[in-house]
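In what follows, a single structure is set out as structure tokens and then discussed.
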Amino acid sequence: MTQKHCILIGAPVDCGKRRRGCLMGPDAYRTAGLAEAITALGHSVHDWGNLAPAQVEVAEARNPLVWKLAENVGWTQTLMEAAQKAAPQGFPIFMGGDHALAAGTVAGMAAHAQAAGRPFFALWLDAHSDIHTPDTTDSGNLHGTPVGYVTGRRGFDAFPPLPVRVEPANICMIGLRSVDTAEHEILARGDVELVDMRRIDEEGISAPLQAFLDRVAAVDGMLHVSLDVDFLDPSVAPAVGTTVPGGATVREGHLVMEILSDSGLVTSLDLVELNPFLDDRGKTANLMVDLTASLLGRRVFDRPTRSYK
């Protein structure tokens, strides 16, 4: 595949939910050899280190359940700016951190696509749809709101103004299996492409993914991939605080990444919700690194044998 200049951006976001540990995610990816896996494929790497949230003051949230609103807003501002700075220089890989970080990364990459005069698309690999708003969340955890923010839903008054709204029809969610009633109502009357686990069981994972990629290719779109650890089954990826049984297998995960690699359409990547405190001897971090390598061109015959002894 075409050689890329990969920019590793540490986003130790740990404010999108109450269970702590995701702030260790970026360094876990480094320890698991993410940079080395990338360079072994012939790509170049520049690690920007770990970022910090902008210091902002915000009004108190209308919903008293909302957790750490100001810190979430600060991270959104920081990562939106970082994405727009990094994207013209290479292939940004945002190492999280919880999924609240995607409010900034997706918004920033969408702004970059607009500046480049190309349509923007997002692939959401996740057990959850994350389309709540600060007003509708019944947990108060803002890692469940980034899709709501980037699609321009109301309730994000405290957040930075969107540089460009992401069209819901340009978002494909694959791996869904935990969507609450409020989110279901929004999705049922919207245009987001939804691929839940039942559909994957019935059709396989490649057909709906390829159909979405064909749409992206037809208009020369730029594709951002947001990969949540809980897209995968917790039996193979335990290091996440939002485990939902019945997720993607290791093979399905690699197949998705290989198809994305073949397409040549991916321009940026989120790696989110890794909580090393919950991992088993680096099992999940290593798998996420291997999946990233598959996205960047590694094939089945090239995969290393992992030892956990």
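So you can find residues: chains in the structure tokens are A, B, ... in the order shown, residues in each start at 1, and ligands are numbered from 1 in order.
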Report task. Looking only at alpha helix (DSSP H) from DSSP on the backbone, list the matching residues of stretch 129-215 of chain A as a ChimeraX atom specification. Result -> /A:146-150,181-188,197-203,206-215
Query raised in the report: Residues at most 12 Å from stretch 209-216 of chain A, counting only C-alpha atoms, excluding those fewer than 2 positions away in the same chain, as a ChimeraX atom specification?
Result: /A:118-125,169-175,192-196,199-200,203-207,218-225,252-253,255-267
Requested in this report: Could you jot down the atom CA of A:Leu162 to atom CA of A:Asp47 separation for me, Å, one decimal place?
Outcome: 27.0 Å
Report task. Rank nothing, just name the residue among A:Pro234, A:Pro245, A:Gly282, A:Gly74 nearest to A:Ala158, using only C-alpha atoms. Result ->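 Smallest distance to A:Ala158 is found for A:Gly74.
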**Report entry** Distance query stretch 3-10 of chain A at most 6 Å, only C-alpha atoms, self and fewer than 6 positions along chain excluded, as a list of chain:residue names
**Finding:**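 Final neighbour list, sorted by chain and number: A:Pro26, A:His43, A:Ser44, A:Val45, A:His46, A:Asp47, A:Trp48, A:Gly49, A:Asn50, A:Leu51, A:Gly90, A:Phe91, A:Pro92, A:Ile93, A:Phe94, A:Met95.
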Dump as a PDB file, in the first residue's frame, selection limited to N, CA, C and O atoms:
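The resulting out.pdb:
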```
ATOM      1  N   PRO A  26      -2.755   5.909  25.977  1.00  0.00           N
ATOM      2  CA  PRO A  26      -1.699   6.250  25.018  1.00  0.00           C
ATOM      3  C   PRO A  26      -0.366   5.571  25.313  1.00  0.00           C
ATOM      4  O   PRO A  26       0.297   5.054  24.406  1.00  0.00           O
ATOM      5  N   HIS A  43       6.138   2.439   6.899  1.00  0.00           N
ATOM      6  CA  HIS A  43       5.634   3.794   7.113  1.00  0.00           C
ATOM      7  C   HIS A  43       6.576   4.550   8.051  1.00  0.00           C
ATOM      8  O   HIS A  43       7.355   3.945   8.796  1.00  0.00           O
ATOM      9  N   SER A  44       6.465   5.865   8.035  1.00  0.00           N
ATOM     10  CA  SER A  44       7.216   6.674   8.989  1.00  0.00           C
ATOM     11  C   SER A  44       6.294   7.103  10.125  1.00  0.00           C
ATOM     12  O   SER A  44       5.071   7.127   9.971  1.00  0.00           O
ATOM     13  N   VAL A  45       6.895   7.422  11.268  1.00  0.00           N
ATOM     14  CA  VAL A  45       6.125   7.753  12.471  1.00  0.00           C
ATOM     15  C   VAL A  45       6.713   8.979  13.147  1.00  0.00           C
ATOM     16  O   VAL A  45       7.933   9.116  13.267  1.00  0.00           O
ATOM     17  N   HIS A  46       5.835   9.853  13.576  1.00  0.00           N
ATOM     18  CA  HIS A  46       6.222  10.968  14.443  1.00  0.00           C
ATOM     19  C   HIS A  46       5.252  10.978  15.624  1.00  0.00           C
ATOM     20  O   HIS A  46       4.037  11.105  15.432  1.00  0.00           O
ATOM     21  N   ASP A  47       5.767  10.802  16.819  1.00  0.00           N
ATOM     22  CA  ASP A  47       4.943  10.788  18.023  1.00  0.00           C
ATOM     23  C   ASP A  47       4.934  12.187  18.618  1.00  0.00           C
ATOM     24  O   ASP A  47       5.964  12.706  19.035  1.00  0.00           O
ATOM     25  N   TRP A  48       3.762  12.804  18.647  1.00  0.00           N
ATOM     26  CA  TRP A  48       3.626  14.149  19.193  1.00  0.00           C
ATOM     27  C   TRP A  48       3.539  14.168  20.712  1.00  0.00           C
ATOM     28  O   TRP A  48       3.402  15.226  21.322  1.00  0.00           O
ATOM     29  N   GLY A  49       3.590  13.016  21.334  1.00  0.00           N
ATOM     30  CA  GLY A  49       3.441  12.967  22.780  1.00  0.00           C
ATOM     31  C   GLY A  49       1.988  13.100  23.197  1.00  0.00           C
ATOM     32  O   GLY A  49       1.078  13.022  22.366  1.00  0.00           O
ATOM     33  N   ASN A  50       1.765  13.299  24.482  1.00  0.00           N
ATOM     34  CA  ASN A  50       0.412  13.419  25.018  1.00  0.00           C
ATOM     35  C   ASN A  50      -0.014  14.875  25.101  1.00  0.00           C
ATOM     36  O   ASN A  50       0.742  15.726  25.588  1.00  0.00           O
ATOM     37  N   LEU A  51      -1.214  15.150  24.627  1.00  0.00           N
ATOM     38  CA  LEU A  51      -1.776  16.494  24.699  1.00  0.00           C
ATOM     39  C   LEU A  51      -2.469  16.688  26.045  1.00  0.00           C
ATOM     40  O   LEU A  51      -2.595  15.760  26.845  1.00  0.00           O
ATOM     41  N   GLY A  90       0.050  14.386   7.465  1.00  0.00           N
ATOM     42  CA  GLY A  90       0.156  12.937   7.409  1.00  0.00           C
ATOM     43  C   GLY A  90      -1.127  12.255   7.810  1.00  0.00           C
ATOM     44  O   GLY A  90      -2.230  12.768   7.595  1.00  0.00           O
ATOM     45  N   PHE A  91      -0.976  11.099   8.437  1.00  0.00           N
ATOM     46  CA  PHE A  91      -2.090  10.234   8.820  1.00  0.00           C
ATOM     47  C   PHE A  91      -2.194  10.250  10.343  1.00  0.00           C
ATOM     48  O   PHE A  91      -1.426   9.564  11.025  1.00  0.00           O
ATOM     49  N   PRO A  92      -3.120  11.031  10.900  1.00  0.00           N
ATOM     50  CA  PRO A  92      -3.201  11.117  12.365  1.00  0.00           C
ATOM     51  C   PRO A  92      -3.793   9.844  12.979  1.00  0.00           C
ATOM     52  O   PRO A  92      -4.800   9.316  12.496  1.00  0.00           O
ATOM     53  N   ILE A  93      -3.169   9.368  14.048  1.00  0.00           N
ATOM     54  CA  ILE A  93      -3.696   8.278  14.860  1.00  0.00           C
ATOM     55  C   ILE A  93      -3.839   8.814  16.274  1.00  0.00           C
ATOM     56  O   ILE A  93      -2.852   9.117  16.951  1.00  0.00           O
ATOM     57  N   PHE A  94      -5.076   8.951  16.710  1.00  0.00           N
ATOM     58  CA  PHE A  94      -5.375   9.517  18.019  1.00  0.00           C
ATOM     59  C   PHE A  94      -5.465   8.373  19.028  1.00  0.00           C
ATOM     60  O   PHE A  94      -6.385   7.558  18.960  1.00  0.00           O
ATOM     61  N   MET A  95      -4.523   8.335  19.941  1.00  0.00           N
ATOM     62  CA  MET A  95      -4.434   7.251  20.907  1.00  0.00           C
ATOM     63  C   MET A  95      -5.142   7.678  22.189  1.00  0.00           C
ATOM     64  O   MET A  95      -4.660   8.545  22.920  1.00  0.00           O
TER      65      MET A  95
END
```
Requested in this report: Considering only C-alpha atoms, return as a PyMOL selection string whatever protein or nucleic-acid residues lie within 6 Å of stretch 136-144 of chain A, sequence-local ones (same chain, fewer than 5 positions apart) excluded.
Outcome: chain A and resi 16-17+65-67+99-100+130
Query - Contact residues around stretch 145-147 of chain A with only C-alpha atoms at 6 Å, ignoring same-chain residues under 6 positions, as a PyMOL selection string - result: chain A and resi 100+102-103+130-133
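Taking atom CA of A:Thr105 and atom CA of A:Glu185 as the two end points, the separation is 25.8 Å.
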**Report entry** All strand (DSSP E) positions in stretch 41-260 of chain A, as a ChimeraX atom specification
**Finding:** /A:44-50,91-96,120-125,171-176,193-196,222-228
Report task. Can you pull out every residue within 8 Å of A:Pro168, counting only C-alpha atoms, but drop anything in the same chain fewer than 5 positions away, and send it as JSON, numbers by chain? Result -> {"A": [151, 190, 191, 192]}
